[in-house]
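The file data.csv contains CSV, C-alpha atoms:
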```
chain,number,residue,atom,x,y,z
W,223,MET,CA,0.0,0.0,0.0
W,224,GLN,CA,1.3,3.4,-0.9
W,225,ASN,CA,2.1,5.6,2.0
W,226,GLN,CA,0.4,9.0,2.2
W,227,PRO,CA,2.9,12.0,1.7
W,228,GLN,CA,3.7,13.6,5.0
W,229,SER,CA,4.8,17.1,5.9
W,230,PHE,CA,8.2,17.4,7.4
W,231,SER,CA,10.0,20.0,9.4
W,232,ILE,CA,11.5,23.0,7.8
W,233,LYS,CA,14.8,22.1,9.5
W,234,ASN,CA,15.0,19.2,7.0
W,235,TRP,CA,14.7,21.5,4.0
W,236,SER,CA,17.6,22.7,1.9
W,237,ASN,CA,19.0,26.1,2.9
W,238,ASP,CA,17.7,27.5,-0.4
W,239,ASP,CA,14.1,26.7,0.7
W,240,LYS,CA,14.3,27.6,4.4
W,241,PRO,CA,12.6,31.0,4.9
W,242,ARG,CA,15.2,32.4,7.3
W,243,GLU,CA,18.2,31.3,5.3
W,244,LYS,CA,16.4,32.3,2.0
W,245,LEU,CA,15.9,35.9,3.4
W,246,ALA,CA,19.5,36.2,4.6
W,247,GLN,CA,21.0,34.9,1.3
W,248,LYS,CA,18.6,36.3,-1.3
W,249,GLY,CA,16.8,39.2,0.4
W,250,LYS,CA,13.3,39.8,1.7
W,251,SER,CA,11.6,40.6,-1.6
W,252,VAL,CA,12.0,37.0,-2.9
W,253,LEU,CA,10.0,35.5,0.0
W,254,SER,CA,6.3,34.8,-0.3
W,255,ASP,CA,3.8,36.2,2.2
W,256,ALA,CA,3.5,32.7,3.7
W,257,GLU,CA,7.3,32.4,4.1
W,258,LEU,CA,7.5,35.8,5.9
W,259,ILE,CA,4.7,34.8,8.3
W,260,ALA,CA,6.5,31.4,8.8
W,261,ILE,CA,9.5,33.3,10.0
W,262,LEU,CA,7.3,35.1,12.6
W,263,ILE,CA,5.7,32.0,14.0
W,264,GLY,CA,8.9,29.9,13.9
W,265,SER,CA,7.4,26.5,13.9
W,266,GLY,CA,4.2,24.7,12.8
W,267,SER,CA,2.9,21.5,14.3
W,268,ARG,CA,3.7,17.8,14.1
W,269,ASN,CA,1.7,17.4,10.9
W,270,GLU,CA,2.3,20.8,9.3
W,271,SER,CA,5.3,23.0,8.7
W,272,ALA,CA,5.3,26.7,9.6
W,273,VAL,CA,5.0,27.5,5.9
W,274,GLU,CA,2.0,25.2,5.4
W,275,LEU,CA,0.4,26.6,8.5
W,276,SER,CA,1.0,30.2,7.2
W,277,LYS,CA,-0.6,29.3,3.9
W,278,ARG,CA,-3.6,27.9,5.6
W,279,ILE,CA,-4.0,31.1,7.7
W,280,LEU,CA,-3.6,33.3,4.6
W,281,GLY,CA,-6.1,31.2,2.7
W,282,SER,CA,-8.7,31.9,5.3
W,283,VAL,CA,-8.6,35.6,4.4
W,284,ASN,CA,-8.2,35.1,0.6
W,285,ASN,CA,-4.5,35.7,0.9
W,286,ASN,CA,-5.1,39.4,1.8
W,287,LEU,CA,-2.7,40.8,4.3
W,288,ASN,CA,-5.0,43.7,5.1
W,289,ASP,CA,-7.7,41.3,6.1
W,290,LEU,CA,-5.2,39.2,8.0
W,291,GLY,CA,-4.4,42.3,10.0
W,292,LYS,CA,-8.1,42.6,11.1
W,293,LEU,CA,-8.1,39.2,12.8
W,294,SER,CA,-8.0,39.3,16.5
W,295,ILE,CA,-5.6,37.3,18.7
W,296,ASN,CA,-8.4,34.9,19.6
W,297,GLN,CA,-9.3,34.4,15.9
W,298,LEU,CA,-5.7,33.6,15.1
W,299,MET,CA,-5.5,31.1,18.0
W,300,GLN,CA,-8.3,29.1,16.4
W,301,PHE,CA,-5.7,27.7,14.0
W,302,LYS,CA,-4.0,24.6,15.2
W,303,GLY,CA,-0.4,25.4,15.9
W,304,ILE,CA,-1.0,29.0,16.8
W,305,GLY,CA,-0.8,29.8,20.5
W,306,GLU,CA,-1.1,33.1,22.2
W,307,ALA,CA,2.6,34.0,21.7
W,308,LYS,CA,2.5,33.3,18.0
W,309,ALA,CA,-0.8,35.2,17.6
W,310,ILE,CA,0.6,38.2,19.4
W,311,THR,CA,3.7,38.1,17.2
W,312,ILE,CA,1.7,38.1,14.0
W,313,THR,CA,-0.6,40.9,15.2
W,314,ALA,CA,2.3,43.0,16.3
W,315,ALA,CA,4.1,42.6,13.0
W,316,LEU,CA,1.1,43.5,10.9
W,317,GLU,CA,0.4,46.6,13.1
W,318,ILE,CA,4.0,47.7,12.5
W,319,GLY,CA,3.4,47.4,8.8
W,320,ARG,CA,0.2,49.4,9.1
W,321,ARG,CA,1.9,52.2,11.0
W,322,ARG,CA,4.8,52.2,8.5
W,323,ARG,CA,2.3,52.6,5.7
W,324,GLU,CA,0.5,55.4,7.6
W,325,GLU,CA,3.7,57.3,8.1
W,326,GLY,CA,4.6,56.9,4.5
W,327,GLU,CA,1.4,58.5,3.3
W,328,LYS,CA,1.8,61.9,1.8
W,329,LYS,CA,0.6,64.4,4.4
W,330,VAL,CA,-2.4,66.3,3.1
W,331,GLU,CA,-2.3,69.9,4.3
W,332,LYS,CA,-4.9,71.4,1.9
W,333,ILE,CA,-8.1,69.8,0.8
W,334,GLY,CA,-8.7,70.2,-3.0
W,335,SER,CA,-10.9,67.2,-3.6
W,336,SER,CA,-12.7,64.3,-2.0
W,337,LYS,CA,-9.6,62.2,-2.9
W,338,ASP,CA,-7.5,64.3,-0.6
W,339,VAL,CA,-9.8,63.5,2.3
W,340,PHE,CA,-9.6,59.8,1.5
W,341,ASN,CA,-5.8,60.0,1.4
W,342,LEU,CA,-5.8,61.8,4.7
W,343,LEU,CA,-8.1,59.5,6.7
W,344,GLN,CA,-8.0,56.1,5.0
W,345,PRO,CA,-4.9,55.0,6.9
W,346,VAL,CA,-6.7,56.0,10.1
W,347,LEU,CA,-10.2,54.6,9.4
W,348,GLY,CA,-9.9,52.2,6.5
W,349,GLU,CA,-9.2,49.0,8.5
W,350,LEU,CA,-11.1,49.6,11.7
W,351,PRO,CA,-13.6,46.9,12.8
W,352,HIS,CA,-15.8,49.5,14.3
W,353,GLU,CA,-17.3,52.8,13.1
W,354,GLU,CA,-15.8,56.2,13.9
W,355,PHE,CA,-16.9,59.7,13.0
W,356,TRP,CA,-14.3,62.3,12.3
W,357,ILE,CA,-14.3,66.0,11.5
W,358,ILE,CA,-11.8,67.9,9.4
W,359,TYR,CA,-11.7,71.7,10.2
W,360,LEU,CA,-10.5,74.0,7.5
W,361,ASN,CA,-9.7,77.7,7.2
W,362,ASN,CA,-10.9,80.0,4.3
W,363,SER,CA,-8.1,78.6,2.1
W,364,ASN,CA,-9.2,75.0,2.7
W,365,LYS,CA,-6.1,74.3,4.6
W,366,VAL,CA,-6.4,71.7,7.4
W,367,ILE,CA,-6.5,73.4,10.8
W,368,HIS,CA,-7.4,70.4,12.8
W,369,GLN,CA,-8.8,66.9,12.5
W,370,ALA,CA,-10.4,65.0,15.3
W,371,GLN,CA,-12.4,61.9,16.2
W,372,LEU,CA,-15.8,63.0,17.3
W,373,SER,CA,-17.3,59.7,18.2
W,374,LYS,CA,-16.6,56.0,18.3
W,375,GLY,CA,-19.2,53.4,18.2
W,376,GLY,CA,-20.2,49.9,17.2
W,377,ILE,CA,-20.4,48.6,13.7
W,378,THR,CA,-24.1,49.7,13.6
W,379,GLY,CA,-23.3,53.4,14.0
W,380,THR,CA,-22.1,56.3,16.0
W,381,LEU,CA,-23.5,59.2,18.0
W,382,VAL,CA,-22.6,62.6,16.7
W,383,ASP,CA,-22.8,65.7,19.0
W,384,VAL,CA,-23.5,68.7,16.7
W,385,ARG,CA,-22.9,71.2,19.5
W,386,LEU,CA,-19.4,69.8,20.1
W,387,VAL,CA,-18.5,70.0,16.4
W,388,LEU,CA,-19.5,73.7,16.2
W,389,LYS,CA,-17.9,74.6,19.6
W,390,GLN,CA,-14.6,73.2,18.4
W,391,ALA,CA,-14.9,75.0,15.1
W,392,LEU,CA,-15.5,78.4,16.8
W,393,GLU,CA,-12.6,77.9,19.2
W,394,ILE,CA,-10.1,77.3,16.4
W,395,GLY,CA,-11.6,79.7,13.8
W,396,ALA,CA,-12.6,77.1,11.2
W,397,ILE,CA,-14.7,78.2,8.2
W,398,GLY,CA,-15.2,74.9,6.5
W,399,LEU,CA,-16.1,71.4,7.8
W,400,ILE,CA,-15.6,68.0,6.2
W,401,LEU,CA,-17.4,65.1,7.8
W,402,ALA,CA,-16.0,61.6,7.5
W,403,HIS,CA,-16.8,58.2,8.9
W,404,ASN,CA,-16.0,54.6,8.0
W,405,HIS,CA,-18.2,51.7,7.0
W,406,PRO,CA,-16.5,48.5,8.4
W,407,SER,CA,-18.9,46.4,6.3
W,408,GLY,CA,-17.2,47.8,3.1
W,409,GLY,CA,-20.5,49.2,1.8
W,410,LEU,CA,-20.3,52.7,0.3
W,411,LYS,CA,-24.1,53.5,0.2
W,412,PRO,CA,-24.9,56.2,2.7
W,413,SER,CA,-27.6,55.3,5.2
W,414,THR,CA,-30.6,57.3,6.1
W,415,ALA,CA,-28.9,58.2,9.4
W,416,ASP,CA,-25.8,59.4,7.4
W,417,LYS,CA,-27.9,61.7,5.3
W,418,GLN,CA,-29.8,63.0,8.4
W,419,ILE,CA,-26.6,63.9,10.3
W,420,THR,CA,-25.2,65.6,7.2
W,421,GLU,CA,-28.2,67.7,6.8
W,422,LYS,CA,-28.3,68.5,10.5
W,423,LEU,CA,-24.7,69.6,10.6
W,424,LYS,CA,-25.0,71.5,7.4
W,425,ASN,CA,-27.9,73.6,8.7
W,426,ALA,CA,-26.3,74.2,12.1
W,427,ALA,CA,-23.0,75.3,10.5
W,428,ALA,CA,-24.8,77.7,8.1
W,429,ALA,CA,-26.3,79.5,11.1
W,430,LEU,CA,-22.8,80.3,12.2
W,431,ASP,CA,-21.5,81.3,8.7
W,432,MET,CA,-19.7,78.0,8.3
W,433,LYS,CA,-20.0,75.5,5.5
W,434,VAL,CA,-20.1,71.7,5.4
W,435,LEU,CA,-18.0,71.1,2.3
W,436,ASP,CA,-18.4,67.3,2.1
W,437,HIS,CA,-19.1,64.1,3.9
W,438,ILE,CA,-16.9,61.1,3.0
W,439,ILE,CA,-17.7,57.5,3.7
W,440,ILE,CA,-14.4,55.5,3.9
W,441,THR,CA,-13.8,51.8,3.4
W,442,GLN,CA,-10.6,49.9,3.1
W,443,ARG,CA,-10.0,50.7,-0.6
W,444,GLU,CA,-12.8,53.1,-1.7
W,445,TYR,CA,-14.8,56.1,-0.6
W,446,PHE,CA,-18.1,57.8,-1.3
W,447,SER,CA,-18.4,61.6,-1.4
W,448,PHE,CA,-21.7,63.4,-0.7
W,449,ALA,CA,-20.4,66.5,-2.6
W,450,ASP,CA,-19.3,64.5,-5.7
W,451,ASP,CA,-22.7,62.8,-5.7
W,452,ASN,CA,-24.6,66.2,-5.3
W,453,LEU,CA,-26.1,65.2,-2.0
W,454,LEU,CA,-25.1,68.4,-0.2
```
Using the file provided, produce a representation of the structure as structure tokens.
Amino acid sequence: MQNQPQSFSIKNWSNDDKPREKLAQKGKSVLSDAELIAILIGSGSRNESAVELSKRILGSVNNNLNDLGKLSINQLMQFKGIGEAKAITITAALEIGRRRREEGEKKVEKIGSSKDVFNLLQPVLGELPHEEFWIIYLNNSNKVIHQAQLSKGGITGTLVDVRLVLKQALEIGAIGLILAHNHPSGGLKPSTADKQITEKLKNAAAALDMKVLDHIIITQREYFSFADDNLL
């Protein structure tokens, strides 16, 4: 009877195939995502190498590193061979990558389009598992004076305090306001509540000679602009 093929430890692989040695000899760019994660976790299990385990983890998120970064420590620990220490290591490494990407983003100092708003806030809001509502405060030249989180809520929505928005605007001398929040679900269609809070803030700001210039809904890769869609 033919024996079933079995996995064997990475230590038995040739040096050209071992992730650590491969990185040292050939550079980081030649390693696959699974090989890089295998270096982080160090070892697999009796029946599965670290690389095979990494491939299985990546496969669960369609080989998308951004989606992998959204998994909690407890979710990672559901994979056989991943204990708390390995889960924390993976989480920490992906968070470093996210922060590096955020720091590398071109800093937007003046808003000229809805795309500028997306570039400014996507690194902050794009991958969050919960919803947050932010305000960007602008002067009369559309330069960013201040940006701040106004509220943080569950995935079903947030509570927005109009008085707090306008109080902050008056204190810093803002003329224009841009509203922004994320949709963790990935959907771009504004809800009835989104439209209502936009209208409420727009009317309240107008009474103080301020203008709501846009409301941006942000997801991981895309955005929706109320101004671009003539909803303001």
- Task: Would you kindly return, as a ChimeraX atom specification, each protein, DNA or RNA residue with an atom no farther than 9 Å from any atom of Leu381 (chain W), considering all atoms listed in the file and excluding same-chain residues fewer than 5 positions away?
- Result: /W:355,372-375
- So which residues touch Glu353 (chain W) within 12 Å, counting only C-alpha atoms, skipping near sequence neighbours fewer than 2 positions away, as a PyMOL selection string? chain W and resi 346-351+355-356+371-382+402-408+439-441
- Message: Nearest residue to Ser447 (chain W) out of W:Ala428, W:Ile333, W:Leu293, W:Ile400, using only C-alpha atoms?
- Response: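 Once distances to Ser447 (chain W) are computed over only C-alpha atoms, the minimum belongs to W:Ile400.
If all atoms listed in the file are the atoms counted, then among W:Ser254, W:Asn425, W:Thr420, W:Ser336 the closest residue to Glu274 (chain W) is W:Ser254.
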